[in-house]
Amino acid sequence: MHPEPITMYRRPQLLAAGFTDHELARMRRAGELTSVRRGVYLASPEPDDPDGRHRLQVRAAMTELATGAVVSHTSAALLHGLPTWRMPLSRVQVTRARRSGGRRDPRLHLRTAPLRRADITTADGLPITSVARTVVDLARSAPFESGVVTADAALALGLLTSEDLEEALARCKGWPGCPRARRVVAFADGRSESVGESRSRLAIANAGLPEPVLQWDVRAAGGRLVGRVDFGWPDDGVVGEFDGRLKYGRTIIGDRDPGEVVFAEKLREDDLRAQGLTVIRWTWDDLAKFAPIAARLDRALA
């Protein structure tokens, strides 16, 4: 679910409503108006989070651009509700179906590229590249890890299929970054359920470890479900778990006490070990330097 769009006002609208430039300046100083872009105002404070601020910047930029501009790349991913791991949000990203005329300034990156009807949809009332085109565009232009995170999320959320990605990739044949996008599409897997799991999967592959089973249902001898684990090597009796910690926060667990959740997780891990499994956990910090975790996994698998 996307947040409700926030109403913005352009300077000509406010002048036509009877305000003067002197009054607008006073209202900005008083905090009654927030300048989103030159000549575009918000009658409330800007959102606290970077994603929310970028969405506002997108809406403000689109009021100034001529017909034919389509929100794309990182900006489109945000409007689709997809993660933009380590992708800068300083510029609004748009594309026009032209051969030339692209430009980039501190607030806007306007690209030119072919846009077919199947490549365009709408979100929040704005023209935007389709999920498949957005994922492929980012796979072509963003770092490989970032492209994988976005592609995994789009598949996990059911916003597209692998076939959709292949078709969008075929339409971009020969474009800059296409070989990298092909690698992203081949590696993408909708069974990764979070940014951390996507990054973990890539770290495991980069370490040269055997490919794990994702979301492995571990069962006891009688068929009882012990738990679903992030990564599993069933033949070797090894379990890998990414501990993002957020699952212990109030936003995820609702009214449950965090201590109770941690204790329940400990009991679950004890149960996994009781099945003869080796359990190895890692965190966000470990992903930055994965070699020690990779070594532990390698020893366990050996």
# chains A, B, ... in the order shown; residues from 1 in each chain; ligands from 1
call {"tool": "residues_around", "arguments": {"residues": "Thr150 (chain A)", "least_positions_apart": "6", "cutoff": "8 Å", "atoms": "only C-alpha atoms", "output": "list in words"}}
result
Ala77, Leu82, Pro83, Thr84, Trp85 and Val135 of chain A
call {"tool": "residues_around", "arguments": {"residues": "Ser44 (chain A)", "least_positions_apart": "2", "cutoff": "10 Å", "atoms": "only C-alpha atoms", "output": "list in words"}}
result
Ile6, Thr7, Met8, Gly31, Glu32, Leu33, Thr34, Ser35, Tyr41, Leu42, Glu46 and Pro47 of chain A
call {"tool": "write_last_selection", "arguments": {"atoms": "N, CA and C atoms", "output": "mmCIF file, in the first residue's frame"}}
result
data_model
loop_
_atom_site.group_PDB
_atom_site.id
_atom_site.type_symbol
_atom_site.label_atom_id
_atom_site.label_comp_id
_atom_site.auth_asym_id
_atom_site.auth_seq_id
_atom_site.Cartn_x
_atom_site.Cartn_y
_atom_site.Cartn_z
ATOM 1 N N ILE A 6 0.513 13.760 -0.968
ATOM 2 C CA ILE A 6 0.396 15.007 -0.228
ATOM 3 C C ILE A 6 0.173 16.140 -1.218
ATOM 4 N N THR A 7 -0.763 17.022 -0.894
ATOM 5 C CA THR A 7 -1.078 18.124 -1.798
ATOM 6 C C THR A 7 0.053 19.134 -1.828
ATOM 7 N N MET A 8 0.475 19.500 -3.040
ATOM 8 C CA MET A 8 1.491 20.520 -3.228
ATOM 9 C C MET A 8 0.902 21.661 -4.044
ATOM 10 N N GLY A 31 7.437 28.533 8.645
ATOM 11 C CA GLY A 31 7.224 27.098 8.589
ATOM 12 C C GLY A 31 5.833 26.696 8.133
ATOM 13 N N GLU A 32 5.051 27.654 7.669
ATOM 14 C CA GLU A 32 3.702 27.354 7.186
ATOM 15 C C GLU A 32 3.745 26.784 5.779
ATOM 16 N N LEU A 33 4.810 27.070 5.050
ATOM 17 C CA LEU A 33 5.037 26.500 3.723
ATOM 18 C C LEU A 33 6.437 25.903 3.694
ATOM 19 N N THR A 34 6.571 24.752 3.037
ATOM 20 C CA THR A 34 7.870 24.129 2.838
ATOM 21 C C THR A 34 8.170 24.114 1.352
ATOM 22 N N SER A 35 9.331 24.593 0.976
ATOM 23 C CA SER A 35 9.714 24.604 -0.430
ATOM 24 C C SER A 35 10.237 23.226 -0.819
ATOM 25 N N TYR A 41 5.458 24.245 -3.429
ATOM 26 C CA TYR A 41 5.395 24.328 -1.968
ATOM 27 C C TYR A 41 4.484 23.256 -1.389
ATOM 28 N N LEU A 42 4.763 22.979 -0.128
ATOM 29 C CA LEU A 42 4.003 22.008 0.645
ATOM 30 C C LEU A 42 3.481 22.711 1.886
ATOM 31 N N GLU A 46 8.159 18.510 5.482
ATOM 32 C CA GLU A 46 8.520 17.382 4.639
ATOM 33 C C GLU A 46 8.554 16.100 5.474
ATOM 34 N N PRO A 47 8.330 14.947 4.861
ATOM 35 C CA PRO A 47 8.456 13.683 5.596
ATOM 36 C C PRO A 47 9.862 13.527 6.171
#
call {"tool": "residues_around", "arguments": {"residues": "Leu165 (chain A)", "least_positions_apart": "3", "cutoff": "9 Å", "atoms": "only C-alpha atoms", "output": "PyMOL selection string"}}
result
chain A and resi 131-133+135-136+151+160-162+168-170+185
call {"tool": "write_last_selection", "arguments": {"atoms": "all heavy atoms", "output": "tab-separated table (two decimals), in the first residue's frame"}}
result
chain	number	residue	atom	x	y	z
A	131	VAL	N	6.94	-2.40	-13.68
A	131	VAL	CA	7.84	-3.04	-12.71
A	131	VAL	C	8.98	-3.75	-13.44
A	131	VAL	O	10.15	-3.62	-13.07
A	131	VAL	CB	7.08	-4.03	-11.81
A	131	VAL	CG1	8.04	-4.77	-10.90
A	131	VAL	CG2	6.03	-3.30	-10.98
A	132	ALA	N	8.65	-4.49	-14.51
A	132	ALA	CA	9.68	-5.24	-15.23
A	132	ALA	C	10.71	-4.30	-15.85
A	132	ALA	O	11.92	-4.53	-15.75
A	132	ALA	CB	9.05	-6.12	-16.30
A	133	ARG	N	10.23	-3.24	-16.49
A	133	ARG	CA	11.17	-2.28	-17.11
A	133	ARG	C	12.00	-1.58	-16.03
A	133	ARG	O	13.21	-1.36	-16.21
A	133	ARG	CB	10.39	-1.26	-17.94
A	133	ARG	CG	11.22	-0.11	-18.49
A	133	ARG	CD	12.29	-0.57	-19.49
A	133	ARG	NE	13.12	0.55	-19.92
A	133	ARG	CZ	12.90	1.27	-21.02
A	133	ARG	NH1	11.87	0.98	-21.81
A	133	ARG	NH2	13.68	2.28	-21.34
A	135	VAL	N	12.90	-2.75	-13.05
A	135	VAL	CA	13.89	-3.68	-12.52
A	135	VAL	C	15.05	-3.84	-13.51
A	135	VAL	O	16.23	-3.83	-13.12
A	135	VAL	CB	13.24	-5.04	-12.21
A	135	VAL	CG1	14.32	-6.10	-11.90
A	135	VAL	CG2	12.30	-4.91	-11.02
A	136	VAL	N	14.74	-3.97	-14.79
A	136	VAL	CA	15.79	-4.13	-15.79
A	136	VAL	C	16.61	-2.86	-15.94
A	136	VAL	O	17.84	-2.91	-16.06
A	136	VAL	CB	15.18	-4.56	-17.15
A	136	VAL	CG1	16.22	-4.48	-18.26
A	136	VAL	CG2	14.64	-5.98	-17.05
A	151	ALA	N	15.36	-6.78	-7.78
A	151	ALA	CA	14.75	-7.86	-8.56
A	151	ALA	C	14.15	-8.93	-7.66
A	151	ALA	O	13.03	-9.41	-7.90
A	151	ALA	CB	15.79	-8.46	-9.50
A	160	LEU	N	5.84	-9.35	-10.50
A	160	LEU	CA	6.17	-9.85	-11.83
A	160	LEU	C	6.64	-11.29	-11.71
A	160	LEU	O	6.76	-11.84	-10.62
A	160	LEU	CB	7.24	-8.98	-12.50
A	160	LEU	CG	8.49	-8.54	-11.74
A	160	LEU	CD1	9.37	-9.69	-11.32
A	160	LEU	CD2	9.32	-7.58	-12.59
A	161	THR	N	6.90	-11.90	-12.87
A	161	THR	CA	7.42	-13.26	-12.92
A	161	THR	C	8.79	-13.24	-13.58
A	161	THR	O	9.20	-12.23	-14.19
A	161	THR	CB	6.50	-14.18	-13.73
A	161	THR	OG1	6.47	-13.71	-15.10
A	161	THR	CG2	5.08	-14.16	-13.17
A	162	SER	N	9.48	-14.35	-13.52
A	162	SER	CA	10.77	-14.45	-14.19
A	162	SER	C	10.61	-14.27	-15.69
A	162	SER	O	11.47	-13.68	-16.37
A	162	SER	CB	11.41	-15.81	-13.90
A	162	SER	OG	11.67	-15.96	-12.52
A	168	ALA	N	11.29	-8.28	-20.70
A	168	ALA	CA	11.77	-6.89	-20.61
A	168	ALA	C	13.25	-6.81	-20.96
A	168	ALA	O	13.70	-5.86	-21.61
A	168	ALA	CB	11.52	-6.35	-19.20
A	169	LEU	N	14.01	-7.81	-20.57
A	169	LEU	CA	15.43	-7.85	-20.87
A	169	LEU	C	15.65	-7.98	-22.38
A	169	LEU	O	16.53	-7.33	-22.95
A	169	LEU	CB	16.09	-9.00	-20.13
A	169	LEU	CG	17.61	-9.15	-20.24
A	169	LEU	CD1	18.30	-7.91	-19.67
A	169	LEU	CD2	18.06	-10.39	-19.49
A	170	ALA	N	14.83	-8.81	-23.02
A	170	ALA	CA	14.96	-9.00	-24.47
A	170	ALA	C	14.70	-7.71	-25.23
A	170	ALA	O	15.31	-7.45	-26.26
A	170	ALA	CB	14.00	-10.10	-24.93
A	185	VAL	N	19.18	-10.76	-13.71
A	185	VAL	CA	17.95	-11.52	-13.97
A	185	VAL	C	18.18	-13.01	-13.75
A	185	VAL	O	17.33	-13.72	-13.19
A	185	VAL	CB	17.44	-11.24	-15.39
A	185	VAL	CG1	16.30	-12.19	-15.77
A	185	VAL	CG2	16.97	-9.79	-15.52
call {"tool": "select_by_dssp", "arguments": {"residues": "region 46-200 of chain A", "states": "strand (DSSP E or B)", "output": "list in words"}}
result
Val70, Val71, Val92, Gln93, Val94, Thr95, Arg96, Arg103, Arg104, Leu108, His109, Leu110, Arg111, Thr112, Ile120, Thr121, Thr122, Ala123, Leu126, Pro127, Ile128 and Thr129 of chain A
call {"tool": "atom_distance", "arguments": {"atom1": "CA of Tyr9 (chain A)", "atom2": "CA of Ala123 (chain A)"}}
result
19.8 Å
call {"tool": "decode", "arguments": {"residues": "region 109-142 of chain A", "atoms": "N, CA and C atoms", "output": "PDB file, in the first residue's frame"}}
result
ATOM      1  N   HIS A 109      17.596  13.778 -13.221  1.00  0.00           N
ATOM      2  CA  HIS A 109      18.315  13.034 -14.244  1.00  0.00           C
ATOM      3  C   HIS A 109      17.292  12.607 -15.294  1.00  0.00           C
ATOM      4  N   LEU A 110      17.348  13.261 -16.447  1.00  0.00           N
ATOM      5  CA  LEU A 110      16.433  12.966 -17.548  1.00  0.00           C
ATOM      6  C   LEU A 110      17.173  12.124 -18.577  1.00  0.00           C
ATOM      7  N   ARG A 111      16.728  10.887 -18.756  1.00  0.00           N
ATOM      8  CA  ARG A 111      17.319   9.987 -19.737  1.00  0.00           C
ATOM      9  C   ARG A 111      16.447   9.938 -20.992  1.00  0.00           C
ATOM     10  N   THR A 112      17.044   9.520 -22.091  1.00  0.00           N
ATOM     11  CA  THR A 112      16.283   9.286 -23.317  1.00  0.00           C
ATOM     12  C   THR A 112      16.501   7.842 -23.737  1.00  0.00           C
ATOM     13  N   ALA A 113      15.419   7.150 -24.023  1.00  0.00           N
ATOM     14  CA  ALA A 113      15.487   5.740 -24.401  1.00  0.00           C
ATOM     15  C   ALA A 113      14.125   5.336 -24.970  1.00  0.00           C
ATOM     16  N   PRO A 114      14.085   4.297 -25.784  1.00  0.00           N
ATOM     17  CA  PRO A 114      12.786   3.824 -26.282  1.00  0.00           C
ATOM     18  C   PRO A 114      11.868   3.416 -25.145  1.00  0.00           C
ATOM     19  N   LEU A 115      10.598   3.742 -25.268  1.00  0.00           N
ATOM     20  CA  LEU A 115       9.572   3.355 -24.296  1.00  0.00           C
ATOM     21  C   LEU A 115       8.383   2.795 -25.058  1.00  0.00           C
ATOM     22  N   ARG A 116       8.175   1.498 -24.926  1.00  0.00           N
ATOM     23  CA  ARG A 116       7.020   0.874 -25.570  1.00  0.00           C
ATOM     24  C   ARG A 116       5.810   0.988 -24.649  1.00  0.00           C
ATOM     25  N   ARG A 117       4.640   0.753 -25.214  1.00  0.00           N
ATOM     26  CA  ARG A 117       3.417   0.847 -24.411  1.00  0.00           C
ATOM     27  C   ARG A 117       3.471  -0.105 -23.223  1.00  0.00           C
ATOM     28  N   ALA A 118       4.038  -1.295 -23.425  1.00  0.00           N
ATOM     29  CA  ALA A 118       4.119  -2.281 -22.338  1.00  0.00           C
ATOM     30  C   ALA A 118       5.074  -1.843 -21.242  1.00  0.00           C
ATOM     31  N   ASP A 119       5.912  -0.850 -21.529  1.00  0.00           N
ATOM     32  CA  ASP A 119       6.892  -0.392 -20.545  1.00  0.00           C
ATOM     33  C   ASP A 119       6.336   0.676 -19.609  1.00  0.00           C
ATOM     34  N   ILE A 120       5.118   1.139 -19.830  1.00  0.00           N
ATOM     35  CA  ILE A 120       4.595   2.275 -19.079  1.00  0.00           C
ATOM     36  C   ILE A 120       3.310   1.889 -18.350  1.00  0.00           C
ATOM     37  N   THR A 121       3.213   2.289 -17.098  1.00  0.00           N
ATOM     38  CA  THR A 121       1.993   2.122 -16.314  1.00  0.00           C
ATOM     39  C   THR A 121       1.796   3.408 -15.513  1.00  0.00           C
ATOM     40  N   THR A 122       0.955   3.379 -14.489  1.00  0.00           N
ATOM     41  CA  THR A 122       0.751   4.561 -13.642  1.00  0.00           C
ATOM     42  C   THR A 122       0.854   4.161 -12.176  1.00  0.00           C
ATOM     43  N   ALA A 123       1.283   5.102 -11.350  1.00  0.00           N
ATOM     44  CA  ALA A 123       1.329   4.930  -9.900  1.00  0.00           C
ATOM     45  C   ALA A 123       1.174   6.306  -9.275  1.00  0.00           C
ATOM     46  N   ASP A 124       0.304   6.410  -8.297  1.00  0.00           N
ATOM     47  CA  ASP A 124       0.031   7.700  -7.650  1.00  0.00           C
ATOM     48  C   ASP A 124      -0.366   8.756  -8.670  1.00  0.00           C
ATOM     49  N   GLY A 125      -1.026   8.317  -9.755  1.00  0.00           N
ATOM     50  CA  GLY A 125      -1.480   9.253 -10.771  1.00  0.00           C
ATOM     51  C   GLY A 125      -0.392   9.731 -11.711  1.00  0.00           C
ATOM     52  N   LEU A 126       0.795   9.144 -11.641  1.00  0.00           N
ATOM     53  CA  LEU A 126       1.915   9.574 -12.480  1.00  0.00           C
ATOM     54  C   LEU A 126       2.276   8.474 -13.481  1.00  0.00           C
ATOM     55  N   PRO A 127       2.707   8.856 -14.692  1.00  0.00           N
ATOM     56  CA  PRO A 127       3.222   7.845 -15.631  1.00  0.00           C
ATOM     57  C   PRO A 127       4.555   7.318 -15.112  1.00  0.00           C
ATOM     58  N   ILE A 128       4.716   6.017 -15.154  1.00  0.00           N
ATOM     59  CA  ILE A 128       5.876   5.383 -14.524  1.00  0.00           C
ATOM     60  C   ILE A 128       6.230   4.128 -15.314  1.00  0.00           C
ATOM     61  N   THR A 129       7.495   3.807 -15.371  1.00  0.00           N
ATOM     62  CA  THR A 129       7.875   2.578 -16.062  1.00  0.00           C
ATOM     63  C   THR A 129       7.316   1.364 -15.317  1.00  0.00           C
ATOM     64  N   SER A 130       6.954   0.335 -16.067  1.00  0.00           N
ATOM     65  CA  SER A 130       6.413  -0.889 -15.476  1.00  0.00           C
ATOM     66  C   SER A 130       7.416  -1.496 -14.511  1.00  0.00           C
ATOM     67  N   VAL A 131       6.941  -2.405 -13.676  1.00  0.00           N
ATOM     68  CA  VAL A 131       7.841  -3.040 -12.715  1.00  0.00           C
ATOM     69  C   VAL A 131       8.980  -3.751 -13.444  1.00  0.00           C
ATOM     70  N   ALA A 132       8.652  -4.493 -14.509  1.00  0.00           N
ATOM     71  CA  ALA A 132       9.683  -5.241 -15.230  1.00  0.00           C
ATOM     72  C   ALA A 132      10.709  -4.301 -15.853  1.00  0.00           C
ATOM     73  N   ARG A 133      10.231  -3.235 -16.491  1.00  0.00           N
ATOM     74  CA  ARG A 133      11.169  -2.280 -17.109  1.00  0.00           C
ATOM     75  C   ARG A 133      12.000  -1.579 -16.032  1.00  0.00           C
ATOM     76  N   THR A 134      11.370  -1.240 -14.921  1.00  0.00           N
ATOM     77  CA  THR A 134      12.094  -0.585 -13.827  1.00  0.00           C
ATOM     78  C   THR A 134      13.210  -1.479 -13.302  1.00  0.00           C
ATOM     79  N   VAL A 135      12.896  -2.747 -13.053  1.00  0.00           N
ATOM     80  CA  VAL A 135      13.895  -3.678 -12.523  1.00  0.00           C
ATOM     81  C   VAL A 135      15.051  -3.838 -13.508  1.00  0.00           C
ATOM     82  N   VAL A 136      14.735  -3.971 -14.792  1.00  0.00           N
ATOM     83  CA  VAL A 136      15.789  -4.132 -15.793  1.00  0.00           C
ATOM     84  C   VAL A 136      16.615  -2.858 -15.937  1.00  0.00           C
ATOM     85  N   ASP A 137      15.959  -1.697 -15.905  1.00  0.00           N
ATOM     86  CA  ASP A 137      16.707  -0.435 -15.972  1.00  0.00           C
ATOM     87  C   ASP A 137      17.697  -0.319 -14.819  1.00  0.00           C
ATOM     88  N   LEU A 138      17.259  -0.686 -13.618  1.00  0.00           N
ATOM     89  CA  LEU A 138      18.156  -0.619 -12.468  1.00  0.00           C
ATOM     90  C   LEU A 138      19.235  -1.694 -12.554  1.00  0.00           C
ATOM     91  N   ALA A 139      18.882  -2.852 -13.067  1.00  0.00           N
ATOM     92  CA  ALA A 139      19.872  -3.911 -13.233  1.00  0.00           C
ATOM     93  C   ALA A 139      20.958  -3.487 -14.221  1.00  0.00           C
ATOM     94  N   ARG A 140      20.594  -2.640 -15.182  1.00  0.00           N
ATOM     95  CA  ARG A 140      21.576  -2.162 -16.161  1.00  0.00           C
ATOM     96  C   ARG A 140      22.472  -1.063 -15.589  1.00  0.00           C
ATOM     97  N   SER A 141      21.904  -0.245 -14.686  1.00  0.00           N
ATOM     98  CA  SER A 141      22.598   0.978 -14.291  1.00  0.00           C
ATOM     99  C   SER A 141      23.125   0.987 -12.854  1.00  0.00           C
ATOM    100  N   ALA A 142      22.567   0.177 -11.978  1.00  0.00           N
ATOM    101  CA  ALA A 142      22.964   0.180 -10.566  1.00  0.00           C
ATOM    102  C   ALA A 142      24.007  -0.903 -10.303  1.00  0.00           C
TER     103      ALA A 142
END
